[in-house]
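*Asks:* Just work.tsv, nothing more (TSV, C-alpha atoms and all ligand atoms):
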```
chain	number	residue	atom	x	y	z
A	1	MET	CA	6.40	18.04	-104.01
A	2	SER	CA	9.30	19.43	-102.03
A	3	VAL	CA	11.84	17.20	-100.32
A	4	PRO	CA	10.70	16.36	-96.78
A	5	LEU	CA	12.84	17.90	-94.02
A	6	ILE	CA	13.88	15.79	-91.07
A	7	VAL	CA	12.32	16.83	-87.77
A	8	THR	CA	15.07	17.14	-85.17
A	9	PRO	CA	14.48	16.13	-81.54
A	10	GLU	CA	14.50	18.69	-78.74
A	11	HIS	CA	16.29	18.35	-75.42
A	12	GLN	CA	16.48	20.44	-72.30
A	13	THR	CA	19.08	21.17	-69.64
A	14	VAL	CA	19.47	23.39	-66.59
A	15	VAL	CA	22.47	25.68	-67.11
A	16	PRO	CA	24.76	26.76	-64.21
A	17	SER	CA	22.95	30.10	-63.85
A	18	GLY	CA	19.76	28.15	-63.06
A	19	LYS	CA	17.70	28.59	-66.23
A	20	THR	CA	16.18	25.72	-68.22
A	21	VAL	CA	17.24	25.89	-71.86
A	22	ILE	CA	15.73	23.91	-74.75
A	23	PHE	CA	18.04	22.95	-77.59
A	24	ARG	CA	18.40	20.69	-80.60
A	25	PRO	CA	21.44	18.53	-81.36
A	26	PHE	CA	24.22	19.61	-83.76
A	27	LEU	CA	23.31	19.01	-87.39
A	28	VAL	CA	25.53	18.69	-90.43
A	29	LYS	CA	25.76	22.48	-90.73
A	30	GLU	CA	27.21	22.77	-87.20
A	31	GLU	CA	29.58	19.85	-87.78
A	32	LYS	CA	30.86	21.71	-90.82
A	33	LEU	CA	31.45	24.85	-88.75
A	34	MET	CA	33.39	22.86	-86.16
A	35	LEU	CA	35.55	21.26	-88.81
A	36	THR	CA	36.81	24.71	-89.80
A	37	ILE	CA	38.51	25.07	-86.41
A	38	LYS	CA	40.04	21.61	-86.18
A	39	GLU	CA	43.14	22.86	-87.99
A	40	ASN	CA	43.02	26.47	-86.83
A	41	GLN	CA	42.88	26.37	-83.03
A	42	ARG	CA	43.23	30.03	-82.21
A	43	THR	CA	41.27	30.73	-79.03
A	44	ASP	CA	39.28	33.60	-80.52
A	45	GLU	CA	38.37	31.46	-83.53
A	46	VAL	CA	37.25	28.59	-81.26
A	47	MET	CA	35.12	31.04	-79.25
A	48	ARG	CA	33.52	32.46	-82.39
A	49	VAL	CA	32.53	29.01	-83.67
A	50	MET	CA	31.29	27.84	-80.27
A	51	LYS	CA	29.10	30.90	-79.93
A	52	GLN	CA	27.71	30.36	-83.42
A	53	VAL	CA	27.01	26.66	-82.80
A	54	VAL	CA	25.32	27.26	-79.43
A	55	SER	CA	23.31	30.15	-80.88
A	56	ASN	CA	22.09	27.96	-83.76
A	57	CYS	CA	21.01	25.08	-81.53
A	58	VAL	CA	19.23	26.90	-78.70
A	59	ILE	CA	15.50	27.01	-79.38
A	60	ASP	CA	14.50	30.41	-78.03
A	61	ASP	CA	13.99	33.55	-80.11
A	62	LYS	CA	15.12	35.77	-77.26
A	63	PHE	CA	18.37	33.90	-76.57
A	64	ASP	CA	21.41	36.16	-76.91
A	65	VAL	CA	24.68	34.25	-76.63
A	66	ASP	CA	26.61	37.46	-75.82
A	67	LYS	CA	24.59	37.95	-72.64
A	68	ILE	CA	25.13	34.56	-70.98
A	69	SER	CA	27.95	33.56	-68.65
A	70	TYR	CA	30.90	31.62	-69.99
A	71	ASN	CA	29.94	28.69	-67.75
A	72	ASP	CA	26.48	28.57	-69.33
A	73	LEU	CA	28.08	28.54	-72.77
A	74	GLU	CA	30.40	25.65	-71.88
A	75	HIS	CA	27.57	23.71	-70.28
A	76	LEU	CA	25.31	24.15	-73.32
A	77	PHE	CA	28.04	23.20	-75.74
A	78	ILE	CA	28.90	20.00	-73.84
A	79	MET	CA	25.26	18.94	-73.47
A	80	MET	CA	24.70	19.56	-77.20
A	81	ARG	CA	27.75	17.43	-77.96
A	82	ALA	CA	26.37	14.69	-75.67
A	83	ARG	CA	22.95	14.67	-77.38
A	84	SER	CA	24.40	14.85	-80.92
A	85	VAL	CA	27.50	12.70	-81.04
A	86	GLY	CA	27.34	10.68	-77.81
A	87	GLU	CA	27.68	10.95	-74.06
A	88	THR	CA	31.16	9.48	-73.81
A	89	VAL	CA	34.42	11.01	-74.97
A	90	GLU	CA	37.86	9.44	-74.83
A	91	PHE	CA	40.34	11.24	-72.64
A	92	PRO	CA	44.00	10.68	-71.80
A	93	PHE	CA	44.26	9.05	-68.38
A	94	SER	CA	47.20	8.29	-66.15
A	95	CYS	CA	46.47	6.08	-63.15
A	96	LYS	CA	47.35	7.35	-59.68
A	97	GLU	CA	47.65	3.81	-58.32
A	98	CYS	CA	49.71	2.06	-60.99
A	99	ASP	CA	51.77	3.24	-63.97
A	100	TYR	CA	48.97	2.77	-66.54
A	101	GLU	CA	48.67	5.50	-69.16
A	102	GLY	CA	46.13	5.43	-71.96
A	103	MET	CA	42.78	6.65	-73.17
A	104	ILE	CA	39.63	6.18	-71.12
A	105	ASP	CA	35.93	6.93	-71.75
A	106	ILE	CA	34.34	9.62	-69.60
A	107	ASP	CA	30.67	10.58	-69.38
A	108	ILE	CA	30.45	14.25	-70.40
A	109	THR	CA	26.89	14.65	-69.09
A	110	LYS	CA	28.54	14.75	-65.64
A	111	ILE	CA	29.38	18.38	-66.31
A	112	GLN	CA	29.08	20.48	-63.13
A	113	LEU	CA	30.56	23.47	-61.35
A	114	SER	CA	34.00	23.02	-59.83
A	115	ARG	CA	32.95	24.56	-56.49
A	116	PRO	CA	30.15	26.60	-54.91
A	117	VAL	CA	29.61	30.22	-55.99
A	118	PRO	CA	31.33	32.55	-53.46
A	119	GLU	CA	28.86	33.95	-50.93
A	120	ASP	CA	30.53	37.34	-50.84
A	121	ASP	CA	31.23	38.78	-54.26
A	122	SER	CA	32.35	42.25	-53.25
A	123	VAL	CA	35.86	43.63	-52.79
A	124	MET	CA	36.58	46.69	-50.64
A	125	LEU	CA	39.21	48.87	-52.32
A	126	ASN	CA	39.59	51.25	-49.38
A	127	GLU	CA	37.44	52.18	-46.37
A	128	SER	CA	34.60	53.62	-48.39
A	129	VAL	CA	34.75	52.36	-51.98
A	130	GLY	CA	34.13	48.81	-53.13
A	131	VAL	CA	33.32	46.87	-56.27
A	132	LYS	CA	30.95	44.01	-56.84
A	133	VAL	CA	32.44	41.32	-59.04
A	134	LYS	CA	30.54	39.08	-61.49
A	135	PRO	CA	31.51	35.83	-63.21
A	136	VAL	CA	33.07	36.26	-66.64
A	137	GLY	CA	30.52	36.31	-69.44
A	138	VAL	CA	30.87	35.14	-73.02
A	139	LYS	CA	31.75	38.64	-74.18
A	140	GLY	CA	34.44	38.97	-71.52
A	141	MET	CA	35.98	35.61	-72.40
A	142	ALA	CA	36.04	36.48	-76.11
A	143	HIS	CA	37.70	39.78	-75.19
A	144	LEU	CA	40.24	37.99	-72.98
A	145	ALA	CA	41.16	35.68	-75.85
A	146	LYS	CA	42.19	38.74	-77.83
A	147	VAL	CA	43.91	40.92	-75.23
A	148	ALA	CA	45.34	38.53	-72.61
A	149	ASP	CA	48.91	39.46	-73.51
A	150	THR	CA	48.51	43.06	-74.61
A	151	ASP	CA	45.91	44.72	-72.39
A	152	PRO	CA	44.96	42.55	-69.39
A	153	LEU	CA	43.63	45.56	-67.44
A	154	SER	CA	40.77	45.96	-69.92
A	155	MET	CA	39.37	42.70	-68.46
A	156	LEU	CA	38.22	44.71	-65.44
A	157	ASN	CA	35.34	46.07	-67.56
A	158	HIS	CA	34.06	42.52	-67.88
A	159	VAL	CA	34.38	41.35	-64.28
A	160	ILE	CA	33.18	44.40	-62.34
A	161	ASP	CA	29.42	44.51	-62.01
A	162	TYR	CA	29.28	47.81	-60.17
A	163	VAL	CA	31.30	50.28	-58.10
A	164	TYR	CA	29.77	51.50	-54.84
A	165	ASN	CA	30.27	53.62	-51.77
A	166	LYS	CA	28.01	54.20	-48.77
A	167	GLU	CA	25.66	56.49	-50.67
A	168	GLN	CA	25.55	55.25	-54.21
A	169	MET	CA	26.33	52.58	-56.77
A	170	TRP	CA	27.45	52.90	-60.39
A	171	LYS	CA	26.70	50.01	-62.73
A	172	ILE	CA	29.64	49.47	-65.05
A	173	ASP	CA	27.32	48.88	-68.03
A	174	ASP	CA	25.87	52.36	-67.54
A	175	MET	CA	29.25	54.11	-67.24
A	176	SER	CA	30.94	55.72	-70.25
A	177	GLN	CA	34.21	54.25	-71.49
A	178	LYS	CA	35.97	57.38	-70.18
A	179	GLU	CA	34.48	56.98	-66.70
A	180	ILE	CA	35.55	53.33	-66.65
A	181	THR	CA	39.09	54.16	-67.82
A	182	ASP	CA	39.40	56.98	-65.27
A	183	PHE	CA	38.29	54.64	-62.51
A	184	VAL	CA	40.53	51.74	-63.56
A	185	GLU	CA	43.59	53.95	-63.92
A	186	THR	CA	43.38	55.12	-60.31
A	187	LEU	CA	43.55	51.54	-59.01
A	188	SER	CA	46.76	50.27	-57.48
A	189	LEU	CA	48.17	46.94	-58.63
A	190	THR	CA	47.30	45.45	-55.24
A	191	GLN	CA	43.69	46.49	-55.69
A	192	VAL	CA	43.62	44.96	-59.19
A	193	GLN	CA	45.03	41.73	-57.75
A	194	LYS	CA	42.33	41.71	-55.06
A	195	ILE	CA	39.63	42.06	-57.73
A	196	MET	CA	41.10	39.36	-59.97
A	197	GLY	CA	41.57	37.10	-56.92
A	198	LYS	CA	37.84	37.38	-56.21
A	199	VAL	CA	37.05	36.56	-59.86
A	200	GLU	CA	39.10	33.39	-59.52
A	201	GLU	CA	36.97	32.28	-56.56
A	202	PHE	CA	34.05	31.78	-58.93
A	203	PRO	CA	33.54	28.18	-60.07
A	204	ARG	CA	34.27	26.94	-63.58
A	205	CYS	CA	32.61	24.13	-65.49
A	206	CYS	CA	34.30	20.78	-65.12
A	207	ILE	CA	33.48	17.17	-65.86
A	208	LYS	CA	34.00	14.90	-62.85
A	209	ASP	CA	33.56	11.23	-63.50
A	210	ASN	CA	34.58	8.06	-61.69
A	211	VAL	CA	36.56	5.70	-63.88
A	212	THR	CA	38.08	2.29	-63.31
A	213	CYS	CA	41.71	1.83	-64.29
A	214	PRO	CA	41.85	-0.88	-67.00
A	215	SER	CA	45.11	-2.16	-65.53
A	216	CYS	CA	44.78	-2.22	-61.71
A	217	GLN	CA	40.94	-1.98	-61.62
A	218	LYS	CA	41.03	0.72	-58.96
A	219	GLU	CA	38.30	3.34	-59.20
A	220	GLN	CA	39.29	7.01	-59.20
A	221	GLU	CA	38.00	10.42	-60.08
A	222	ILE	CA	38.91	12.15	-63.33
A	223	ASN	CA	38.43	15.88	-63.64
A	224	VAL	CA	38.41	17.67	-67.01
A	225	GLU	CA	38.25	21.44	-67.41
A	226	GLY	CA	38.34	23.56	-70.53
A	227	LEU	CA	36.45	23.30	-73.75
A	228	GLU	CA	39.57	23.26	-75.90
A	229	ASN	CA	39.78	19.56	-74.99
A	230	PHE	CA	36.73	18.90	-77.13
A	231	PHE	CA	38.12	20.28	-80.33
A	232	THR	CA	41.21	18.12	-80.57
B	301	ZN	ZN	45.84	1.62	-62.32
```
Would it be possible to restate this file's structure as structure tokens?

*Replies:*
Amino acid sequence: MSVPLIVTPEHQTVVPSGKTVIFRPFLVKEEKLMLTIKENQRTDEVMRVMKQVVSNCVIDDKFDVDKISYNDLEHLFIMMRARSVGETVEFPFSCKECDYEGMIDIDITKIQLSRPVPEDDSVMLNESVGVKVKPVGVKGMAHLAKVADTDPLSMLNHVIDYVYNKEQMWKIDDMSQKEITDFVETLSLTQVQKIMGKVEEFPRCCIKDNVTCPSCQKEQEINVEGLENFFT
């Protein structure tokens, strides 16, 4: 008789893009993966492991981690952490009302978007040509981790959804690398700033929880952004 395998529970969550995703908690094999980055905290390495872990735990044959938004990835990772290890995580806290500084438990299931999605996601570059901007995806964020210092302009490939004028639109995914490069190189720095400014209007995942200061007992809001906090 073969050794019986443990049946793992399934959970579900609604990700920021609106879809319901079914997942299982982290198992020993994912814990092992995460241990490999505890010492080596290079952003691209953290991204690679996170993608692998989320990919393993989502129960859907068609799920492709490279096609989701970065916010969806963060949300899934946090909810998996909550259902595997526990819903509370200790965070450094400094009280706004008294001089208390110490660790405090926050409820990570209170993950949400930092602000509403901008209603207008297009940027006019001149009188006739504009671009439609999209939130950064997992692929774009992984790319950014590699090129942030050396080639920031190549990020435009990952944040422009399409280029348009009055007559036509060109989806960036359908353009050749040469067409994209030719287009990007004609942009002025002001135009690039306008595009990146629009990208920054998109919300990010954050955990907002109300905590009570252990010293003065006053309640206040704590706001945590950034997954790197969960690997330290
Ligand atoms: Zn206090």

*Asks:* Taking all atoms of region 49-61 of chain A that appear in the file, build a box with edges along x, y and z, extend it by 6 Å on every side, and state its centre and edge lengths in Å to one decimal, as JSON.

*Replies:*
```
{"center_x": 23.3, "center_y": 29.3, "center_z": -80.9, "size_x": 30.5, "size_y": 20.5, "size_z": 17.7}
```

*Asks:* Please identify every polymer residue within 8 Å of ligand ZN 301 (chain B), using only C-alpha atoms and all ligand atoms, and present the set as a VMD selection string.

*Replies:* chain A and resid 94 to 100 212 to 218

*Asks:* For the residues in that selection, give me C-alpha atoms as a tab-separated table (two decimals), in the coordinates of the input.

*Replies:*
```tsv
chain	number	residue	atom	x	y	z
A	94	SER	CA	47.20	8.29	-66.15
A	95	CYS	CA	46.47	6.08	-63.15
A	96	LYS	CA	47.35	7.35	-59.68
A	97	GLU	CA	47.65	3.81	-58.32
A	98	CYS	CA	49.71	2.06	-60.99
A	99	ASP	CA	51.77	3.24	-63.97
A	100	TYR	CA	48.97	2.77	-66.54
A	212	THR	CA	38.08	2.29	-63.31
A	213	CYS	CA	41.71	1.83	-64.29
A	214	PRO	CA	41.85	-0.88	-67.00
A	215	SER	CA	45.11	-2.16	-65.53
A	216	CYS	CA	44.78	-2.22	-61.71
A	217	GLN	CA	40.94	-1.98	-61.62
A	218	LYS	CA	41.03	0.72	-58.96
```

*Asks:* Which protein, DNA or RNA residues are at most 10 Å from (35.3, 36.7, -58.2) in the file's coordinates when you count only C-alpha atoms, listed as a list in words?

*Replies:*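 Within the cut-off we find Val117, Pro118, Asp120, Asp121, Ser122, Val123, Lys132, Val133, Lys134, Pro135, Val136, Val159, Ile160, Lys194, Ile195, Met196, Gly197, Lys198, Val199, Glu200, Glu201, Phe202 and Pro203 of chain A.
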
*Asks:* For CA of Leu187 (chain A) and CA of Ser154 (chain A), quote the distance in Å rounded to one decimal.

*Replies:*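 Computed distance, CA of Leu187 (chain A) to CA of Ser154 (chain A), equals 12.6 Å.
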
*Asks:* If you measure from CA of Cys205 (chain A) to CA of Gln112 (chain A), what distance in Å do you get, rounded to one decimal?

*Replies:*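 CA of Gln112 (chain A) lies 5.6 Å from CA of Cys205 (chain A).
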